[in-house]
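As stored in entry11.cif (mmCIF, C-alpha atoms):
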```
data_upload
#
loop_
_atom_site.label_atom_id
_atom_site.label_comp_id
_atom_site.auth_asym_id
_atom_site.auth_seq_id
_atom_site.Cartn_x
_atom_site.Cartn_y
_atom_site.Cartn_z
CA MET N 1 -13.25 -64.82 -43.62
CA LYS N 2 -12.98 -67.46 -46.34
CA ASP N 3 -13.70 -65.25 -49.31
CA PRO N 4 -13.87 -61.49 -48.64
CA ALA N 5 -14.39 -60.65 -52.32
CA LEU N 6 -17.42 -62.93 -52.58
CA PHE N 7 -18.82 -61.44 -49.37
CA THR N 8 -18.46 -57.92 -50.77
CA TYR N 9 -19.96 -58.95 -54.11
CA CYS N 10 -23.01 -60.58 -52.50
CA MET N 11 -23.52 -57.60 -50.21
CA ARG N 12 -23.57 -55.22 -53.18
CA LEU N 13 -26.20 -57.28 -54.96
CA ALA N 14 -28.19 -57.70 -51.75
CA ASP N 15 -28.10 -53.96 -51.06
CA ASP N 16 -29.25 -53.17 -54.62
CA SER N 17 -32.27 -55.43 -54.18
CA ALA N 18 -33.09 -54.35 -50.63
CA ILE N 19 -32.92 -50.60 -51.29
CA LEU N 20 -34.86 -50.77 -54.54
CA SER N 21 -37.54 -52.95 -52.94
CA GLN N 22 -37.88 -50.40 -50.13
CA ARG N 23 -38.28 -47.62 -52.72
CA LEU N 24 -40.92 -49.62 -54.58
CA GLY N 25 -42.66 -50.46 -51.31
CA GLU N 26 -43.14 -46.74 -50.74
CA TRP N 27 -45.70 -46.87 -53.56
CA CYS N 28 -47.94 -49.21 -51.58
CA GLY N 29 -51.26 -47.38 -51.36
CA HIS N 30 -49.98 -44.47 -53.48
CA ALA N 31 -49.65 -45.72 -57.05
CA SER N 32 -51.64 -44.37 -59.98
CA HIS N 33 -54.24 -47.12 -59.75
CA LEU N 34 -54.82 -50.35 -57.88
CA GLU N 35 -53.28 -52.69 -60.45
CA GLU N 36 -50.10 -50.64 -60.56
CA ASP N 37 -49.96 -50.51 -56.79
CA ILE N 38 -50.01 -54.31 -56.78
CA ALA N 39 -47.50 -54.53 -59.62
CA LEU N 40 -44.89 -52.31 -57.97
CA THR N 41 -45.18 -54.12 -54.65
CA ASN N 42 -44.98 -57.49 -56.43
CA VAL N 43 -41.70 -56.40 -57.98
CA ALA N 44 -40.59 -55.27 -54.52
CA LEU N 45 -41.46 -58.70 -53.14
CA ASP N 46 -39.29 -60.47 -55.71
CA LEU N 47 -36.42 -58.13 -54.85
CA ILE N 48 -36.85 -58.81 -51.13
CA GLY N 49 -36.59 -62.50 -51.98
CA HIS N 50 -33.28 -61.91 -53.78
CA ALA N 51 -31.97 -59.73 -50.95
CA ARG N 52 -32.84 -62.33 -48.30
CA GLU N 53 -30.98 -65.09 -50.13
CA LEU N 54 -27.96 -62.89 -50.72
CA TYR N 55 -27.74 -61.47 -47.19
CA THR N 56 -28.08 -64.94 -45.69
CA TYR N 57 -25.36 -66.27 -47.97
CA ALA N 58 -23.08 -63.29 -47.28
CA GLY N 59 -23.57 -63.87 -43.55
CA GLN N 60 -22.47 -67.48 -43.94
CA ILE N 61 -19.38 -66.46 -45.92
CA GLU N 62 -18.50 -63.86 -43.30
CA GLY N 63 -18.87 -66.44 -40.53
CA LYS N 64 -19.47 -63.95 -37.73
CA GLY N 65 -23.01 -65.03 -37.01
CA ARG N 66 -24.71 -62.11 -38.78
CA ASP N 67 -28.00 -63.19 -40.34
CA GLU N 68 -30.11 -61.47 -43.03
CA ASP N 69 -31.75 -59.14 -40.50
CA ALA N 70 -28.45 -58.09 -38.93
CA LEU N 71 -26.99 -57.29 -42.36
CA CYS N 72 -30.01 -55.45 -43.69
CA PHE N 73 -31.17 -53.58 -40.61
CA HIS N 74 -28.10 -53.07 -38.45
CA ARG N 75 -25.68 -51.34 -40.81
CA VAL N 76 -25.31 -47.61 -41.33
CA GLU N 77 -25.44 -45.82 -44.66
CA ARG N 78 -21.66 -45.76 -45.26
CA GLU N 79 -21.71 -49.56 -45.01
CA PHE N 80 -24.35 -49.89 -47.73
CA THR N 81 -22.85 -50.56 -51.16
CA ASN N 82 -25.88 -50.34 -53.43
CA LEU N 83 -25.90 -48.52 -56.75
CA LEU N 84 -26.81 -44.84 -56.49
CA LEU N 85 -29.51 -45.46 -59.12
CA VAL N 86 -31.69 -47.60 -56.83
CA GLU N 87 -31.76 -45.08 -53.98
CA GLN N 88 -33.01 -42.19 -56.14
CA PRO N 89 -36.35 -40.90 -54.89
CA ASN N 90 -39.82 -41.64 -56.22
CA ASP N 91 -40.36 -37.95 -57.07
CA ASP N 92 -42.81 -38.88 -59.77
CA PHE N 93 -44.29 -42.14 -61.07
CA ALA N 94 -42.24 -41.63 -64.24
CA TYR N 95 -39.04 -41.57 -62.15
CA ALA N 96 -39.94 -44.86 -60.47
CA ILE N 97 -40.69 -46.47 -63.82
CA MET N 98 -37.56 -45.19 -65.54
CA ARG N 99 -35.39 -46.24 -62.57
CA GLN N 100 -36.92 -49.72 -62.71
CA PHE N 101 -36.50 -49.97 -66.45
CA LEU N 102 -32.83 -48.92 -66.47
CA PHE N 103 -32.11 -51.36 -63.63
CA SER N 104 -34.13 -54.32 -64.97
CA ALA N 105 -32.68 -53.91 -68.45
CA PHE N 106 -29.34 -54.59 -66.77
CA MET N 107 -30.41 -57.21 -64.22
CA HIS N 108 -32.18 -59.48 -66.67
CA PRO N 109 -29.09 -60.26 -68.79
CA PHE N 110 -27.03 -60.13 -65.59
CA TRP N 111 -28.95 -63.00 -63.96
CA GLU N 112 -29.08 -64.84 -67.26
CA ALA N 113 -25.26 -64.79 -67.41
CA MET N 114 -24.99 -65.57 -63.70
CA MET N 115 -26.76 -68.89 -64.27
CA ASN N 116 -23.35 -70.16 -65.45
CA SER N 117 -21.51 -68.98 -62.34
CA LYS N 118 -19.26 -71.52 -60.67
CA ASP N 119 -20.77 -70.46 -57.37
CA GLU N 120 -23.64 -72.84 -56.71
CA LEU N 121 -25.83 -70.46 -54.72
CA LEU N 122 -25.43 -67.55 -57.14
CA ALA N 123 -26.17 -69.81 -60.11
CA GLY N 124 -29.24 -71.26 -58.36
CA LEU N 125 -30.57 -67.84 -57.38
CA ALA N 126 -29.87 -66.56 -60.90
CA ALA N 127 -32.04 -69.26 -62.45
CA LYS N 128 -34.98 -68.03 -60.39
CA ALA N 129 -34.19 -64.32 -60.51
CA GLU N 130 -33.79 -64.33 -64.28
CA LYS N 131 -37.44 -65.32 -64.74
CA GLU N 132 -38.59 -62.66 -62.29
CA ALA N 133 -36.36 -59.97 -63.81
CA ALA N 134 -37.81 -60.74 -67.26
CA TYR N 135 -41.22 -59.82 -65.86
CA HIS N 136 -39.93 -56.64 -64.23
CA LEU N 137 -38.30 -55.61 -67.48
CA ARG N 138 -41.39 -56.24 -69.55
CA HIS N 139 -43.61 -54.35 -67.15
CA SER N 140 -41.37 -51.29 -66.83
CA ALA N 141 -40.57 -51.23 -70.58
CA GLU N 142 -44.28 -51.16 -71.41
CA TRP N 143 -44.76 -48.21 -69.08
CA VAL N 144 -41.79 -46.32 -70.53
CA ILE N 145 -43.37 -46.70 -73.97
CA ARG N 146 -46.87 -45.81 -72.73
CA LEU N 147 -45.62 -42.64 -71.05
CA GLY N 148 -43.10 -41.65 -73.72
CA ASP N 149 -45.55 -42.22 -76.53
CA GLY N 150 -48.52 -40.86 -74.57
CA THR N 151 -49.50 -37.24 -73.98
CA LYS N 152 -47.21 -34.23 -74.05
CA GLU N 153 -47.31 -34.19 -70.25
CA SER N 154 -46.45 -37.88 -69.82
CA HIS N 155 -43.72 -37.60 -72.44
CA ASN N 156 -42.14 -34.64 -70.67
CA ARG N 157 -42.22 -36.37 -67.33
CA ILE N 158 -40.63 -39.62 -68.48
CA ASN N 159 -38.08 -37.60 -70.43
CA ASP N 160 -37.23 -35.58 -67.29
CA ALA N 161 -36.81 -38.85 -65.42
CA LEU N 162 -34.50 -40.19 -68.10
CA GLU N 163 -32.37 -37.05 -68.15
CA PHE N 164 -32.09 -37.07 -64.37
CA LEU N 165 -31.37 -40.80 -63.93
CA TRP N 166 -29.02 -41.29 -66.87
CA MET N 167 -25.93 -40.17 -64.93
CA TYR N 168 -26.51 -43.03 -62.50
CA THR N 169 -26.38 -45.77 -65.14
CA GLY N 170 -22.58 -45.79 -65.57
CA GLU N 171 -22.09 -47.35 -62.15
CA MET N 172 -23.76 -50.59 -63.23
CA PHE N 173 -20.88 -51.25 -65.63
CA GLU N 174 -17.99 -50.54 -63.26
CA CYS N 175 -15.58 -53.38 -62.70
CA ASP N 176 -13.22 -52.93 -59.73
CA ASP N 177 -10.74 -55.39 -58.15
CA VAL N 178 -13.49 -57.25 -56.30
CA VAL N 179 -15.40 -57.96 -59.48
CA SER N 180 -12.30 -58.71 -61.59
CA ALA N 181 -11.01 -61.24 -59.05
CA LEU N 182 -14.33 -63.07 -59.06
CA VAL N 183 -14.71 -62.85 -62.85
CA ALA N 184 -11.30 -64.56 -63.16
CA LYS N 185 -12.63 -67.40 -60.98
CA GLY N 186 -15.79 -67.77 -63.08
CA VAL N 187 -17.96 -66.63 -60.17
CA ALA N 188 -18.97 -63.06 -61.10
CA ILE N 189 -20.15 -61.40 -64.28
CA ASP N 190 -18.04 -58.83 -66.06
CA PRO N 191 -20.69 -56.12 -66.44
CA MET N 192 -19.14 -54.89 -69.70
CA SER N 193 -19.84 -58.30 -71.24
CA ILE N 194 -23.58 -57.60 -71.08
CA LYS N 195 -23.42 -53.90 -71.97
CA HIS N 196 -24.42 -54.59 -75.59
CA LEU N 197 -27.60 -56.33 -74.37
CA TRP N 198 -28.47 -53.43 -72.11
CA ASP N 199 -27.81 -50.99 -74.97
CA GLU N 200 -30.00 -53.02 -77.29
CA THR N 201 -32.94 -53.10 -74.84
CA VAL N 202 -32.62 -49.43 -73.97
CA ASN N 203 -32.33 -48.33 -77.61
CA THR N 204 -35.27 -50.49 -78.75
CA VAL N 205 -37.57 -49.25 -76.00
CA PHE N 206 -36.54 -45.60 -76.34
CA ALA N 207 -37.19 -45.75 -80.09
CA ARG N 208 -40.72 -47.02 -79.47
CA ALA N 209 -41.25 -44.47 -76.71
CA ASN N 210 -40.08 -41.51 -78.84
CA LEU N 211 -37.34 -40.84 -76.33
CA GLU N 212 -33.90 -39.73 -77.26
CA ARG N 213 -31.06 -41.56 -75.58
CA PRO N 214 -28.96 -38.99 -73.70
CA THR N 215 -25.46 -38.47 -75.01
CA GLU N 216 -22.65 -40.22 -73.16
CA SER N 217 -21.34 -37.87 -70.52
CA TRP N 218 -19.95 -37.79 -67.00
CA MET N 219 -21.37 -40.51 -64.75
CA GLN N 220 -21.99 -40.46 -61.00
CA THR N 221 -20.14 -43.01 -58.92
CA GLY N 222 -19.54 -43.92 -55.28
CA GLY N 223 -22.28 -46.32 -54.19
CA ARG N 224 -20.04 -49.39 -54.24
CA LYS N 225 -17.65 -47.58 -51.89
CA GLY N 226 -20.42 -46.49 -49.52
CA GLU N 227 -20.50 -42.90 -50.81
CA HIS N 228 -24.16 -42.15 -51.29
CA SER N 229 -26.55 -39.39 -52.22
CA GLU N 230 -28.38 -37.64 -49.39
CA HIS N 231 -31.37 -39.91 -49.99
CA LEU N 232 -30.03 -43.14 -48.53
CA GLY N 233 -30.22 -42.13 -44.87
CA HIS N 234 -33.86 -41.17 -45.36
CA ILE N 235 -34.58 -44.63 -46.78
CA LEU N 236 -32.79 -46.42 -43.97
CA SER N 237 -34.56 -44.64 -41.13
CA PRO N 238 -38.07 -46.00 -41.82
CA MET N 239 -36.63 -49.27 -43.17
CA GLN N 240 -34.55 -49.99 -40.08
CA TYR N 241 -36.75 -48.40 -37.44
CA LEU N 242 -38.37 -51.58 -36.19
CA GLN N 243 -35.17 -53.61 -35.90
CA ARG N 244 -33.37 -50.70 -34.26
CA SER N 245 -36.16 -50.25 -31.70
CA PHE N 246 -36.72 -53.95 -31.12
CA PRO N 247 -33.50 -55.76 -32.03
CA GLN N 248 -33.98 -59.40 -33.01
CA ALA N 249 -37.70 -58.87 -33.62
CA GLN N 250 -38.99 -61.67 -35.81
CA TRP N 251 -42.17 -62.33 -37.72
CA MET S 1 -40.99 -83.22 -63.32
CA ALA S 2 -41.96 -83.25 -59.67
CA VAL S 3 -42.36 -87.01 -59.62
CA ALA S 4 -38.86 -87.60 -60.91
CA ALA S 5 -37.49 -85.57 -58.01
CA LYS S 6 -38.92 -88.02 -55.48
CA ASN S 7 -36.22 -90.02 -53.92
CA LEU S 8 -37.99 -92.42 -51.66
CA ARG S 9 -35.64 -94.98 -50.36
CA THR S 10 -37.68 -96.65 -47.69
CA GLU S 11 -41.24 -97.29 -46.73
CA LEU S 12 -40.80 -94.78 -43.92
CA ASP S 13 -39.85 -92.14 -46.49
CA GLN S 14 -43.00 -93.02 -48.42
CA ARG S 15 -45.11 -92.69 -45.28
CA ALA S 16 -43.57 -89.30 -44.51
CA TRP S 17 -44.11 -88.18 -48.13
CA ASN S 18 -47.76 -89.26 -47.95
CA SER S 19 -48.23 -87.24 -44.76
CA VAL S 20 -47.06 -83.99 -46.34
CA CYS S 21 -47.91 -84.24 -50.03
CA ASP S 22 -51.47 -82.97 -49.48
CA VAL S 23 -50.45 -79.75 -47.75
CA PRO S 24 -52.38 -77.11 -49.72
CA ASP S 25 -51.12 -73.80 -51.08
CA PRO S 26 -52.50 -71.15 -48.68
CA GLU S 27 -53.43 -68.83 -51.57
CA VAL S 28 -54.51 -71.42 -54.13
CA PRO S 29 -55.97 -74.14 -51.89
CA VAL S 30 -56.95 -76.46 -54.76
CA LEU S 31 -53.27 -77.14 -55.37
CA THR S 32 -51.07 -79.16 -53.05
CA ILE S 33 -47.33 -78.76 -52.63
CA GLU S 34 -46.98 -81.97 -54.64
CA ASP S 35 -49.13 -80.60 -57.51
CA LEU S 36 -47.05 -77.43 -57.54
CA GLY S 37 -43.72 -79.22 -57.49
CA VAL S 38 -42.74 -77.25 -54.39
CA LEU S 39 -42.20 -80.52 -52.50
CA ARG S 40 -38.90 -81.93 -53.78
CA GLU S 41 -37.72 -84.59 -51.39
CA VAL S 42 -38.66 -86.30 -48.13
CA ASN S 43 -36.05 -88.26 -46.30
CA VAL S 44 -36.28 -89.86 -42.86
CA ARG S 45 -32.82 -89.84 -41.33
CA GLU S 46 -31.31 -92.55 -39.11
CA ASP S 47 -32.01 -90.42 -36.03
CA GLY S 48 -35.72 -90.27 -36.93
CA CYS S 49 -35.67 -86.65 -38.07
CA VAL S 50 -37.62 -86.02 -41.25
CA GLU S 51 -35.77 -83.86 -43.76
CA VAL S 52 -38.14 -82.16 -46.17
CA THR S 53 -36.75 -80.31 -49.17
CA ILE S 54 -38.90 -77.62 -50.76
CA THR S 55 -38.29 -75.04 -53.47
CA PRO S 56 -39.96 -71.62 -53.69
CA THR S 57 -42.18 -70.73 -56.63
CA TYR S 58 -40.91 -67.12 -56.39
CA THR S 59 -37.90 -66.13 -54.28
CA GLY S 60 -39.95 -63.69 -52.23
CA CYS S 61 -43.10 -65.79 -51.99
CA PRO S 62 -44.56 -65.28 -48.51
CA ALA S 63 -46.33 -68.66 -48.72
CA MET S 64 -42.99 -70.38 -48.12
CA SER S 65 -43.00 -69.86 -44.37
CA MET S 66 -46.63 -71.03 -44.32
CA PHE S 67 -45.64 -74.19 -46.21
CA ALA S 68 -42.83 -74.89 -43.75
CA PHE S 69 -45.22 -74.46 -40.82
CA ASP S 70 -47.92 -76.69 -42.34
CA ILE S 71 -45.41 -79.37 -43.34
CA GLU S 72 -44.04 -79.54 -39.84
CA ALA S 73 -47.55 -79.74 -38.36
CA ALA S 74 -48.56 -82.51 -40.80
CA LEU S 75 -45.51 -84.61 -39.91
CA LEU S 76 -45.91 -84.11 -36.18
CA ASN S 77 -49.57 -85.13 -36.49
CA ALA S 78 -48.49 -88.26 -38.37
CA GLY S 79 -46.31 -89.26 -35.42
CA PHE S 80 -42.89 -88.08 -36.57
CA GLU S 81 -40.98 -86.34 -33.83
CA LYS S 82 -38.48 -84.07 -35.48
CA VAL S 83 -38.67 -82.14 -38.73
CA GLU S 84 -36.09 -80.16 -40.66
CA ILE S 85 -37.11 -78.09 -43.65
CA LYS S 86 -34.51 -77.32 -46.30
CA THR S 87 -35.14 -74.76 -49.02
CA VAL S 88 -33.29 -75.22 -52.29
CA LEU S 89 -33.26 -72.82 -55.25
CA SER S 90 -31.82 -75.17 -57.81
CA PRO S 91 -33.22 -76.48 -60.07
CA ALA S 92 -35.37 -73.37 -60.33
CA TRP S 93 -39.10 -73.89 -60.03
CA THR S 94 -41.05 -73.53 -63.25
CA THR S 95 -44.71 -73.77 -64.17
CA ASP S 96 -43.65 -76.57 -66.54
CA TRP S 97 -43.73 -78.77 -63.42
CA LEU S 98 -47.49 -78.40 -63.01
CA SER S 99 -49.16 -81.62 -64.12
CA GLU S 100 -52.12 -81.63 -66.48
CA LYS S 101 -54.24 -82.69 -63.54
CA ALA S 102 -53.03 -79.65 -61.58
CA CYS S 103 -53.81 -77.34 -64.50
CA GLU S 104 -57.32 -78.78 -64.74
CA LYS S 105 -57.83 -78.22 -61.00
CA LEU S 106 -56.78 -74.60 -61.46
CA ARG S 107 -59.16 -74.08 -64.37
CA VAL S 108 -62.12 -75.54 -62.45
CA TYR S 109 -61.21 -73.28 -59.52
CA GLY S 110 -61.45 -70.25 -61.85
CA ILE S 111 -57.75 -69.58 -62.45
CA ALA S 112 -56.46 -69.88 -66.00
CA PRO S 113 -53.54 -72.34 -65.96
CA PRO S 114 -50.14 -71.34 -67.40
CA ASN S 115 -50.22 -71.48 -71.15
CA GLY S 116 -47.43 -73.35 -72.92
CA LYS S 117 -43.83 -73.68 -71.91
CA ALA S 118 -42.01 -71.15 -69.80
CA SER S 119 -40.93 -68.42 -72.18
CA ARG S 120 -37.57 -66.69 -72.46
CA ARG S 121 -36.68 -63.03 -72.84
CA ALA S 122 -39.99 -61.85 -74.22
CA LEU S 123 -39.72 -58.08 -74.09
CA PHE S 124 -43.06 -57.37 -75.70
CA GLY S 125 -44.62 -60.82 -75.71
CA GLU S 126 -48.06 -61.53 -74.34
CA ASP S 127 -49.40 -64.98 -73.49
CA LYS S 128 -52.56 -66.17 -75.19
CA VAL S 129 -54.88 -66.93 -72.31
CA HIS S 130 -58.22 -68.74 -72.35
CA CYS S 131 -61.06 -67.70 -70.05
CA PRO S 132 -61.47 -70.38 -67.35
CA LYS S 133 -65.26 -69.84 -67.38
CA CYS S 134 -66.23 -69.87 -71.06
CA ASN S 135 -62.94 -70.98 -72.65
CA SER S 136 -62.92 -68.00 -75.03
CA ALA S 137 -59.51 -66.94 -76.32
CA ASN S 138 -60.79 -63.38 -76.66
CA THR S 139 -59.27 -62.11 -73.42
CA SER S 140 -57.23 -59.09 -72.44
CA ARG S 141 -54.66 -58.49 -69.79
CA ILE S 142 -55.62 -56.04 -67.06
CA SER S 143 -52.33 -56.29 -65.20
CA GLU S 144 -49.11 -58.24 -65.46
CA PHE S 145 -49.24 -58.74 -61.69
CA GLY S 146 -52.04 -60.10 -59.53
CA SER S 147 -53.06 -60.83 -55.96
CA THR S 148 -50.05 -63.12 -55.46
CA ALA S 149 -46.60 -63.29 -57.05
CA CYS S 150 -47.61 -66.24 -59.22
CA LYS S 151 -50.65 -64.66 -60.87
CA ALA S 152 -51.59 -61.98 -63.40
CA LEU S 153 -54.99 -60.36 -63.88
CA TYR S 154 -57.06 -60.87 -67.06
CA ARG S 155 -60.56 -60.21 -68.32
CA CYS S 156 -62.69 -62.17 -70.75
CA ASN S 157 -64.01 -59.94 -73.54
CA ASP S 158 -66.83 -62.41 -74.33
CA CYS S 159 -68.32 -63.25 -70.93
CA SER S 160 -66.85 -60.17 -69.16
CA GLU S 161 -65.47 -62.27 -66.32
CA PRO S 162 -62.30 -60.92 -64.70
CA PHE S 163 -59.99 -63.77 -63.73
CA ASP S 164 -56.55 -64.71 -62.45
CA TYR S 165 -53.98 -66.23 -64.77
CA PHE S 166 -51.25 -68.43 -63.33
CA LYS S 167 -48.17 -66.81 -64.87
CA CYS S 168 -46.00 -68.95 -67.06
CA ILE S 169 -42.41 -68.81 -65.79
#
```
Whole structure given in structure tokens:
Amino acid sequence: MKDPALFTYCMRLADDSAILSQRLGEWCGHASHLEEDIALTNVALDLIGHARELYTYAGQIEGKGRDEDALCFHRVEREFTNLLLVEQPNDDFAYAIMRQFLFSAFMHPFWEAMMNSKDELLAGLAAKAEKEAAYHLRHSAEWVIRLGDGTKESHNRINDALEFLWMYTGEMFECDDVVSALVAKGVAIDPMSIKHLWDETVNTVFARANLERPTESWMQTGGRKGEHSEHLGHILSPMQYLQRSFPQAQW
Amino acid sequence: MAVAAKNLRTELDQRAWNSVCDVPDPEVPVLTIEDLGVLREVNVREDGCVEVTITPTYTGCPAMSMFAFDIEAALLNAGFEKVEIKTVLSPAWTTDWLSEKACEKLRVYGIAPPNGKASRRALFGEDKVHCPKCNSANTSRISEFGSTACKALYRCNDCSEPFDYFKCI
């Protein structure tokens, strides 16, 4: 393989997008009202777009003939390297919104910075994804405020979501050897370099939503190494069912 | 601008461009791939194969495979024998590429065209949108997302008409 670090990096980003889009897709037909149903699945669609580009590119780097479908649908859970945050269940609408907000508040500045990557495909994808992520961020931030600043019930629910999901946010800022090597080459983004932007967004929105930012404490980790919560297998089984039953099925 | 991206070296290239430029958007049929700026380049190679370069409006836009299919059909109908479709992401598509003519077509069709230049990091911003029916600026947003990735849903507070807004990105 030409560049194993770049392969790993693209697979992480692809898995983040694929798993979160699958989670959002679960809302299809179940959201609070029609417009929100359409909104969540629209966000899912953008994320599928990112995942497809990244899986295809990773497959080319790997050079073993694996295409986007092979990489997305024919790997087992220990091979998935997505953030633990994106696989957390949709227990409640507030959980889905808070998960999206915490993720988009990171991904928007992430793609913005990635536009300067020396890798042509990542920079090109970033220029598109940045615009889409700005929309995802705006949409989820408005909901966080609406729920946080809404009724006692909605406030409690979004606050529960925040308290539950907070321990999964540390992973976004981890920088291991794979990332450092690519940062040195001007290809990847050092996640700590955008932490202040994430903090700023999170603090601004929480202030408007009457939510208190949880204190810094122990953070969950493992997703990048393939160590997942019990939820991932349950996502993969419906997601991969068709390709497992009918390998090479195409639209 | 879409026009600047044209790189038509020969008459044959021009003929191939003319055969595909009218391919309509499957969801917004008043707009062609040329109007949208989705069509970037048409190049007839030495071996006779037509290379068509397109760019997606949104990365996950399902219309892209439809575009590729329609482009191939249009070229085969025009007598070209082999077609290759290339998708490029860079430069990233923006609504700034829609011509004034394209915006007018949208408005007549009942979709409010994108308003102003593509905006940056607008956490709480909201676009000022005019009703495509009565042109009132007294409109409100029903949803940030609409029936396709490129649209949002609005309502006119004066004439009560709900309408699609072509999102500005």
| request: Kindly indicate which residue among S:Pro91, S:Lys101, S:Leu153, S:Ser143 lies nearest to Met115 of chain N, using all atoms listed in the file for the distances. | output: S:Pro91
| task | Tell me which protein, DNA and RNA residues are within 12 Å of Ala141 of chain N, counting only C-alpha atoms, leaving out same-chain ones fewer than 3 positions away, and put them as number ranges by chain. | result | N: 94, 96-105, 133-138, 144-149, 158, 201-209; S: 122-125
Take the selection from the previous step and output its residues with C-alpha atoms, as a CSV table (one decimal), in the coordinates of the input.
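Result written to again-v3.csv:
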```csv
chain,number,residue,atom,x,y,z
N,94,ALA,CA,-42.2,-41.6,-64.2
N,96,ALA,CA,-39.9,-44.9,-60.5
N,97,ILE,CA,-40.7,-46.5,-63.8
N,98,MET,CA,-37.6,-45.2,-65.5
N,99,ARG,CA,-35.4,-46.2,-62.6
N,100,GLN,CA,-36.9,-49.7,-62.7
N,101,PHE,CA,-36.5,-50.0,-66.4
N,102,LEU,CA,-32.8,-48.9,-66.5
N,103,PHE,CA,-32.1,-51.4,-63.6
N,104,SER,CA,-34.1,-54.3,-65.0
N,105,ALA,CA,-32.7,-53.9,-68.4
N,133,ALA,CA,-36.4,-60.0,-63.8
N,134,ALA,CA,-37.8,-60.7,-67.3
N,135,TYR,CA,-41.2,-59.8,-65.9
N,136,HIS,CA,-39.9,-56.6,-64.2
N,137,LEU,CA,-38.3,-55.6,-67.5
N,138,ARG,CA,-41.4,-56.2,-69.6
N,144,VAL,CA,-41.8,-46.3,-70.5
N,145,ILE,CA,-43.4,-46.7,-74.0
N,146,ARG,CA,-46.9,-45.8,-72.7
N,147,LEU,CA,-45.6,-42.6,-71.0
N,148,GLY,CA,-43.1,-41.6,-73.7
N,149,ASP,CA,-45.6,-42.2,-76.5
N,158,ILE,CA,-40.6,-39.6,-68.5
N,201,THR,CA,-32.9,-53.1,-74.8
N,202,VAL,CA,-32.6,-49.4,-74.0
N,203,ASN,CA,-32.3,-48.3,-77.6
N,204,THR,CA,-35.3,-50.5,-78.8
N,205,VAL,CA,-37.6,-49.2,-76.0
N,206,PHE,CA,-36.5,-45.6,-76.3
N,207,ALA,CA,-37.2,-45.8,-80.1
N,208,ARG,CA,-40.7,-47.0,-79.5
N,209,ALA,CA,-41.2,-44.5,-76.7
S,122,ALA,CA,-40.0,-61.8,-74.2
S,123,LEU,CA,-39.7,-58.1,-74.1
S,124,PHE,CA,-43.1,-57.4,-75.7
S,125,GLY,CA,-44.6,-60.8,-75.7
```
| request: Pull out every residue of chain N sitting within 10 Å of chain S, counting only C-alpha atoms, and send them as a VMD selection string. | output: chain N and resid 34 to 53 105 108 to 109 112 120 to 139 141 to 142 201 204 to 205
| Just so the selection is clear, what residues does the PyMOL selection byres ((chain S and resi 16-20) around 12) cover here, as JSON, numbers by chain? | {"S": [3, 6, 7, 8, 9, 10, 11, 12, 13, 14, 15, 21, 22, 23, 24, 25, 32, 33, 34, 35, 38, 39, 40, 41, 42, 43, 44, 45, 48, 49, 50, 51, 52, 53, 54, 67, 68, 69, 70, 71, 72, 73, 74, 75, 76, 77, 78, 79, 80, 81, 82, 83, 85]}
| task | Just say which residues the PyMOL selection byres ((chain N and resi 181-187) around 12) picks in this file, as a ChimeraX atom specification. | result | /N:3-10,113-123,126,175-180,188-193
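From atom CA of Ala102 of chain S back to atom CA of Pro132 of chain S, the distance works out to 13.8 Å.
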| Which one is closest to Phe163 of chain S: S:Leu36, S:Met66, S:Cys131, S:Leu31? Count only C-alpha atoms. | S:Cys131
| Which residues match the PyMOL selection byres ((chain S and resi 133) around 12) in the file above, as a ChimeraX atom specification? | /S:106-112,129-132,134-137,139,155-164
Write the residues of the selection above to a file with C-alpha atoms, as a PDB file, in the frame of the given file.
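Result saved to result_31.pdb:
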```pdb
ATOM      1  CA  LEU S 106     -56.780 -74.600 -61.460  1.00  0.00           C
ATOM      2  CA  ARG S 107     -59.160 -74.080 -64.370  1.00  0.00           C
ATOM      3  CA  VAL S 108     -62.120 -75.540 -62.450  1.00  0.00           C
ATOM      4  CA  TYR S 109     -61.210 -73.280 -59.520  1.00  0.00           C
ATOM      5  CA  GLY S 110     -61.450 -70.250 -61.850  1.00  0.00           C
ATOM      6  CA  ILE S 111     -57.750 -69.580 -62.450  1.00  0.00           C
ATOM      7  CA  ALA S 112     -56.460 -69.880 -66.000  1.00  0.00           C
ATOM      8  CA  VAL S 129     -54.880 -66.930 -72.310  1.00  0.00           C
ATOM      9  CA  HIS S 130     -58.220 -68.740 -72.350  1.00  0.00           C
ATOM     10  CA  CYS S 131     -61.060 -67.700 -70.050  1.00  0.00           C
ATOM     11  CA  PRO S 132     -61.470 -70.380 -67.350  1.00  0.00           C
ATOM     12  CA  CYS S 134     -66.230 -69.870 -71.060  1.00  0.00           C
ATOM     13  CA  ASN S 135     -62.940 -70.980 -72.650  1.00  0.00           C
ATOM     14  CA  SER S 136     -62.920 -68.000 -75.030  1.00  0.00           C
ATOM     15  CA  ALA S 137     -59.510 -66.940 -76.320  1.00  0.00           C
ATOM     16  CA  THR S 139     -59.270 -62.110 -73.420  1.00  0.00           C
ATOM     17  CA  ARG S 155     -60.560 -60.210 -68.320  1.00  0.00           C
ATOM     18  CA  CYS S 156     -62.690 -62.170 -70.750  1.00  0.00           C
ATOM     19  CA  ASN S 157     -64.010 -59.940 -73.540  1.00  0.00           C
ATOM     20  CA  ASP S 158     -66.830 -62.410 -74.330  1.00  0.00           C
ATOM     21  CA  CYS S 159     -68.320 -63.250 -70.930  1.00  0.00           C
ATOM     22  CA  SER S 160     -66.850 -60.170 -69.160  1.00  0.00           C
ATOM     23  CA  GLU S 161     -65.470 -62.270 -66.320  1.00  0.00           C
ATOM     24  CA  PRO S 162     -62.300 -60.920 -64.700  1.00  0.00           C
ATOM     25  CA  PHE S 163     -59.990 -63.770 -63.730  1.00  0.00           C
ATOM     26  CA  ASP S 164     -56.550 -64.710 -62.450  1.00  0.00           C
TER      27      ASP S 164
END
```
